[in-house]
$ cat structure_23.cif   # mmCIF, C-alpha atoms
data_final
loop_
_atom_site.group_PDB
_atom_site.id
_atom_site.type_symbol
_atom_site.label_atom_id
_atom_site.label_comp_id
_atom_site.auth_asym_id
_atom_site.auth_seq_id
_atom_site.Cartn_x
_atom_site.Cartn_y
_atom_site.Cartn_z
ATOM 1 C CA MET A 1 154.580 53.932 95.686
ATOM 2 C CA THR A 2 157.921 55.007 94.238
ATOM 3 C CA ILE A 3 158.476 57.452 97.087
ATOM 4 C CA GLU A 4 157.999 54.663 99.655
ATOM 5 C CA HIS A 5 160.690 52.672 97.832
ATOM 6 C CA GLY A 6 163.385 55.314 98.039
ATOM 7 C CA PHE A 7 162.740 57.743 95.175
ATOM 8 C CA PRO A 8 164.038 61.201 96.237
ATOM 9 C CA ARG A 9 161.194 63.447 97.438
ATOM 10 C CA LYS A 10 162.780 66.487 95.786
ATOM 11 C CA TRP A 11 162.051 64.912 92.362
ATOM 12 C CA GLU A 12 158.509 63.761 93.179
ATOM 13 C CA GLN A 13 156.656 66.616 91.445
ATOM 14 C CA LYS A 14 158.869 66.376 88.343
ATOM 15 C CA LEU A 15 158.252 62.625 88.126
ATOM 16 C CA ARG A 16 154.488 63.104 88.508
ATOM 17 C CA ALA A 17 154.507 65.699 85.703
ATOM 18 C CA ILE A 18 156.432 63.364 83.376
ATOM 19 C CA VAL A 19 154.120 60.441 84.132
ATOM 20 C CA ARG A 20 151.000 62.524 83.447
ATOM 21 C CA LYS A 21 152.463 64.077 80.283
ATOM 22 C CA HIS A 22 153.520 60.853 78.575
ATOM 23 C CA ASP A 23 150.793 58.430 79.721
ATOM 24 C CA ILE A 24 153.153 55.455 79.374
ATOM 25 C CA TRP A 25 152.083 53.432 82.405
ATOM 26 C CA ARG A 26 149.724 50.477 82.262
ATOM 27 C CA LEU A 27 148.102 48.461 85.019
ATOM 28 C CA GLU A 28 147.484 45.558 82.664
ATOM 29 C CA LEU A 29 148.573 44.467 79.206
ATOM 30 C CA GLY A 30 146.438 45.387 76.238
ATOM 31 C CA ASN A 31 146.546 44.998 72.484
ATOM 32 C CA ASP A 32 148.273 48.357 71.900
ATOM 33 C CA SER A 33 149.948 49.205 68.621
ATOM 34 C CA PRO A 34 153.632 48.229 68.441
ATOM 35 C CA ALA A 35 156.355 50.607 69.582
ATOM 36 C CA ASN A 36 158.184 52.506 66.855
ATOM 37 C CA VAL A 37 161.674 51.165 67.595
ATOM 38 C CA ASP A 38 164.297 49.294 65.606
ATOM 39 C CA PRO A 39 164.222 45.513 66.132
ATOM 40 C CA LEU A 40 166.794 44.019 68.471
ATOM 41 C CA HIS A 41 169.387 41.904 66.681
ATOM 42 C CA ILE A 42 171.232 39.341 68.788
ATOM 43 C CA ARG A 43 174.655 38.221 67.625
ATOM 44 C CA LEU A 44 176.410 35.312 69.291
ATOM 45 C CA LYS A 45 180.151 35.150 69.614
ATOM 46 C CA GLU A 46 181.801 32.591 67.351
ATOM 47 C CA CYS A 47 182.799 30.443 70.302
ATOM 48 C CA ALA A 48 179.311 30.506 71.896
ATOM 49 C CA ARG A 49 177.867 27.129 72.934
ATOM 50 C CA ALA A 50 174.333 26.163 73.922
ATOM 51 C CA VAL A 51 173.969 25.534 77.648
ATOM 52 C CA LYS A 52 171.063 23.928 79.477
ATOM 53 C CA CYS A 53 170.303 25.296 82.922
ATOM 54 C CA LYS A 54 168.326 23.766 85.765
ATOM 55 C CA PRO A 55 164.815 25.165 86.188
ATOM 56 C CA ARG A 56 164.501 28.022 88.651
ATOM 57 C CA HIS A 57 162.468 27.624 91.819
ATOM 58 C CA TYR A 58 159.873 30.353 92.400
ATOM 59 C CA PHE A 59 157.516 31.078 95.286
ATOM 60 C CA THR A 60 153.919 29.988 94.713
ATOM 61 C CA THR A 61 152.746 33.592 94.316
ATOM 62 C CA VAL A 62 155.436 34.333 91.727
ATOM 63 C CA ARG A 63 154.588 31.158 89.794
ATOM 64 C CA ALA A 64 150.910 32.167 89.734
ATOM 65 C CA PHE A 65 151.816 35.645 88.449
ATOM 66 C CA LEU A 66 154.114 34.231 85.739
ATOM 67 C CA ARG A 67 151.471 31.720 84.632
ATOM 68 C CA GLU A 68 148.835 34.471 84.351
ATOM 69 C CA PHE A 69 151.251 36.890 82.644
ATOM 70 C CA ASN A 70 152.362 34.294 80.087
ATOM 71 C CA SER A 71 148.745 33.316 79.394
ATOM 72 C CA LYS A 72 147.954 36.958 78.657
ATOM 73 C CA LEU A 73 150.939 37.200 76.266
ATOM 74 C CA VAL A 74 149.714 34.092 74.407
ATOM 75 C CA GLU A 75 146.134 35.444 74.337
ATOM 76 C CA LEU A 76 147.355 38.702 72.773
ATOM 77 C CA GLY A 77 149.411 36.765 70.210
ATOM 78 C CA TRP A 78 152.659 38.343 71.381
ATOM 79 C CA VAL A 79 154.310 34.983 72.112
ATOM 80 C CA TYR A 80 153.727 31.434 70.938
ATOM 81 C CA GLU A 81 155.185 28.025 71.616
ATOM 82 C CA ASN A 82 158.133 27.105 69.431
ATOM 83 C CA PRO A 83 157.351 23.587 68.155
ATOM 84 C CA SER A 84 161.016 22.885 67.366
ATOM 85 C CA SER A 85 162.292 23.691 70.865
ATOM 86 C CA HIS A 86 161.572 20.237 72.346
#

$ encode --input "structure_23.cif" --output "structure tokens"
Amino acid sequence: MTIEHGFPRKWEQKLRAIVRKHDIWRLELGNDSPANVDPLHIRLKECARAVKCKPRHYFTTVRAFLREFNSKLVELGWVYENPSSH
């Protein structure tokens, strides 16, 4: 699929070897163990202000995907609703 989307053919075999070696690709989310990386720390600038944005408009197919994806994240316990965000 990558080749059809513009990936250079001269690197195709190298990419295939890397993909097979590292086994990092998933077709669906699963309850894998967490990655061994440092947590991301977000720091706001002193002058930062909260801003509310209008909701984005998505195609029906994209909305269905996002709904299913978010449901899976909740099911796995990776995300949860923040009760103080309302």

$ atom_distance --input "structure_23.cif" --atom1 "CA of Ser71 (chain A)" --atom2 "CA of Leu27 (chain A)"
16.2 Å

$ atom_distance --input "structure_23.cif" --atom1 "CA of Leu29 (chain A)" --atom2 "CA of Lys72 (chain A)"
7.6 Å

$ atom_distance --input "structure_23.cif" --atom1 "CA of Val62 (chain A)" --atom2 "CA of Glu28 (chain A)"
16.5 Å

$ residues_around --input "structure_23.cif" --residues "Asp32 (chain A)" --least-positions-apart "5" --cutoff "12 Å" --atoms "only C-alpha atoms" --output "PyMOL selection string"
chain A and resi 24+26+76-78

$ residues_around --input "structure_23.cif" --residues "Ile3 (chain A)" --least-positions-apart "4" --cutoff "12 Å" --atoms "only C-alpha atoms" --output "number ranges by chain"
A: 7-13, 15-16

$ axis_aligned_box --input "structure_23.cif" --around "region 35-44 of chain A" --padding-each-side "5 Å" --output "JSON"
{"center_x": 166.4, "center_y": 43.9, "center_z": 67.6, "size_x": 30.1, "size_y": 27.2, "size_z": 14.0}

$ closest_residue --input "structure_23.cif" --among "A:Val79, A:Ser85, A:Leu73, A:Ala50" --to "Gly30 (chain A)" --atoms "only C-alpha atoms"
A:Leu73

$ build_atoms --input "structure_23.cif" --residues "region 9-34 of chain A" --atoms "N, CA and C atoms" --output "PDB file, keeping the file's coordinate frame"
ATOM      1  N   ARG A   9     162.382  62.580  97.343  1.00  0.00           N
ATOM      2  CA  ARG A   9     161.194  63.447  97.438  1.00  0.00           C
ATOM      3  C   ARG A   9     161.356  64.731  96.630  1.00  0.00           C
ATOM      4  N   LYS A  10     162.588  65.226  96.511  1.00  0.00           N
ATOM      5  CA  LYS A  10     162.780  66.487  95.786  1.00  0.00           C
ATOM      6  C   LYS A  10     162.412  66.358  94.305  1.00  0.00           C
ATOM      7  N   TRP A  11     162.389  65.135  93.773  1.00  0.00           N
ATOM      8  CA  TRP A  11     162.051  64.912  92.362  1.00  0.00           C
ATOM      9  C   TRP A  11     160.613  64.420  92.177  1.00  0.00           C
ATOM     10  N   GLU A  12     159.860  64.329  93.256  1.00  0.00           N
ATOM     11  CA  GLU A  12     158.509  63.761  93.179  1.00  0.00           C
ATOM     12  C   GLU A  12     157.603  64.522  92.210  1.00  0.00           C
ATOM     13  N   GLN A  13     157.544  65.833  92.314  1.00  0.00           N
ATOM     14  CA  GLN A  13     156.656  66.616  91.445  1.00  0.00           C
ATOM     15  C   GLN A  13     157.067  66.510  89.976  1.00  0.00           C
ATOM     16  N   LYS A  14     158.371  66.504  89.719  1.00  0.00           N
ATOM     17  CA  LYS A  14     158.869  66.376  88.343  1.00  0.00           C
ATOM     18  C   LYS A  14     158.466  65.010  87.770  1.00  0.00           C
ATOM     19  N   LEU A  15     158.632  63.963  88.572  1.00  0.00           N
ATOM     20  CA  LEU A  15     158.252  62.625  88.126  1.00  0.00           C
ATOM     21  C   LEU A  15     156.754  62.560  87.835  1.00  0.00           C
ATOM     22  N   ARG A  16     155.943  63.112  88.717  1.00  0.00           N
ATOM     23  CA  ARG A  16     154.488  63.104  88.508  1.00  0.00           C
ATOM     24  C   ARG A  16     154.120  63.829  87.209  1.00  0.00           C
ATOM     25  N   ALA A  17     154.781  64.941  86.931  1.00  0.00           N
ATOM     26  CA  ALA A  17     154.507  65.699  85.703  1.00  0.00           C
ATOM     27  C   ALA A  17     154.866  64.874  84.467  1.00  0.00           C
ATOM     28  N   ILE A  18     155.997  64.194  84.510  1.00  0.00           N
ATOM     29  CA  ILE A  18     156.432  63.364  83.376  1.00  0.00           C
ATOM     30  C   ILE A  18     155.447  62.223  83.153  1.00  0.00           C
ATOM     31  N   VAL A  19     155.048  61.570  84.241  1.00  0.00           N
ATOM     32  CA  VAL A  19     154.120  60.441  84.132  1.00  0.00           C
ATOM     33  C   VAL A  19     152.797  60.898  83.522  1.00  0.00           C
ATOM     34  N   ARG A  20     152.273  62.018  83.983  1.00  0.00           N
ATOM     35  CA  ARG A  20     151.000  62.524  83.447  1.00  0.00           C
ATOM     36  C   ARG A  20     151.140  62.950  81.982  1.00  0.00           C
ATOM     37  N   LYS A  21     152.263  63.562  81.642  1.00  0.00           N
ATOM     38  CA  LYS A  21     152.463  64.077  80.283  1.00  0.00           C
ATOM     39  C   LYS A  21     152.530  62.951  79.249  1.00  0.00           C
ATOM     40  N   HIS A  22     153.241  61.889  79.569  1.00  0.00           N
ATOM     41  CA  HIS A  22     153.520  60.853  78.575  1.00  0.00           C
ATOM     42  C   HIS A  22     152.544  59.683  78.586  1.00  0.00           C
ATOM     43  N   ASP A  23     151.783  59.504  79.646  1.00  0.00           N
ATOM     44  CA  ASP A  23     150.793  58.430  79.721  1.00  0.00           C
ATOM     45  C   ASP A  23     151.367  57.099  79.228  1.00  0.00           C
ATOM     46  N   ILE A  24     152.481  56.675  79.819  1.00  0.00           N
ATOM     47  CA  ILE A  24     153.153  55.455  79.374  1.00  0.00           C
ATOM     48  C   ILE A  24     152.937  54.276  80.316  1.00  0.00           C
ATOM     49  N   TRP A  25     152.213  54.470  81.385  1.00  0.00           N
ATOM     50  CA  TRP A  25     152.083  53.432  82.405  1.00  0.00           C
ATOM     51  C   TRP A  25     150.799  52.648  82.208  1.00  0.00           C
ATOM     52  N   ARG A  26     150.881  51.352  82.392  1.00  0.00           N
ATOM     53  CA  ARG A  26     149.724  50.477  82.262  1.00  0.00           C
ATOM     54  C   ARG A  26     149.600  49.626  83.523  1.00  0.00           C
ATOM     55  N   LEU A  27     148.356  49.363  83.904  1.00  0.00           N
ATOM     56  CA  LEU A  27     148.102  48.461  85.019  1.00  0.00           C
ATOM     57  C   LEU A  27     147.915  47.037  84.524  1.00  0.00           C
ATOM     58  N   GLU A  28     147.581  46.884  83.256  1.00  0.00           N
ATOM     59  CA  GLU A  28     147.484  45.558  82.664  1.00  0.00           C
ATOM     60  C   GLU A  28     147.829  45.644  81.182  1.00  0.00           C
ATOM     61  N   LEU A  29     148.202  44.507  80.617  1.00  0.00           N
ATOM     62  CA  LEU A  29     148.573  44.467  79.206  1.00  0.00           C
ATOM     63  C   LEU A  29     147.342  44.607  78.333  1.00  0.00           C
ATOM     64  N   GLY A  30     147.514  45.246  77.205  1.00  0.00           N
ATOM     65  CA  GLY A  30     146.438  45.387  76.238  1.00  0.00           C
ATOM     66  C   GLY A  30     146.992  45.247  74.838  1.00  0.00           C
ATOM     67  N   ASN A  31     146.111  45.181  73.864  1.00  0.00           N
ATOM     68  CA  ASN A  31     146.546  44.998  72.484  1.00  0.00           C
ATOM     69  C   ASN A  31     146.858  46.355  71.849  1.00  0.00           C
ATOM     70  N   ASP A  32     147.852  47.052  72.408  1.00  0.00           N
ATOM     71  CA  ASP A  32     148.273  48.357  71.900  1.00  0.00           C
ATOM     72  C   ASP A  32     149.040  48.185  70.592  1.00  0.00           C
ATOM     73  N   SER A  33     149.152  49.258  69.844  1.00  0.00           N
ATOM     74  CA  SER A  33     149.948  49.205  68.621  1.00  0.00           C
ATOM     75  C   SER A  33     151.424  49.047  68.999  1.00  0.00           C
ATOM     76  N   PRO A  34     152.225  48.464  68.118  1.00  0.00           N
ATOM     77  CA  PRO A  34     153.632  48.229  68.441  1.00  0.00           C
ATOM     78  C   PRO A  34     154.416  49.528  68.600  1.00  0.00           C
TER      79      PRO A  34
END
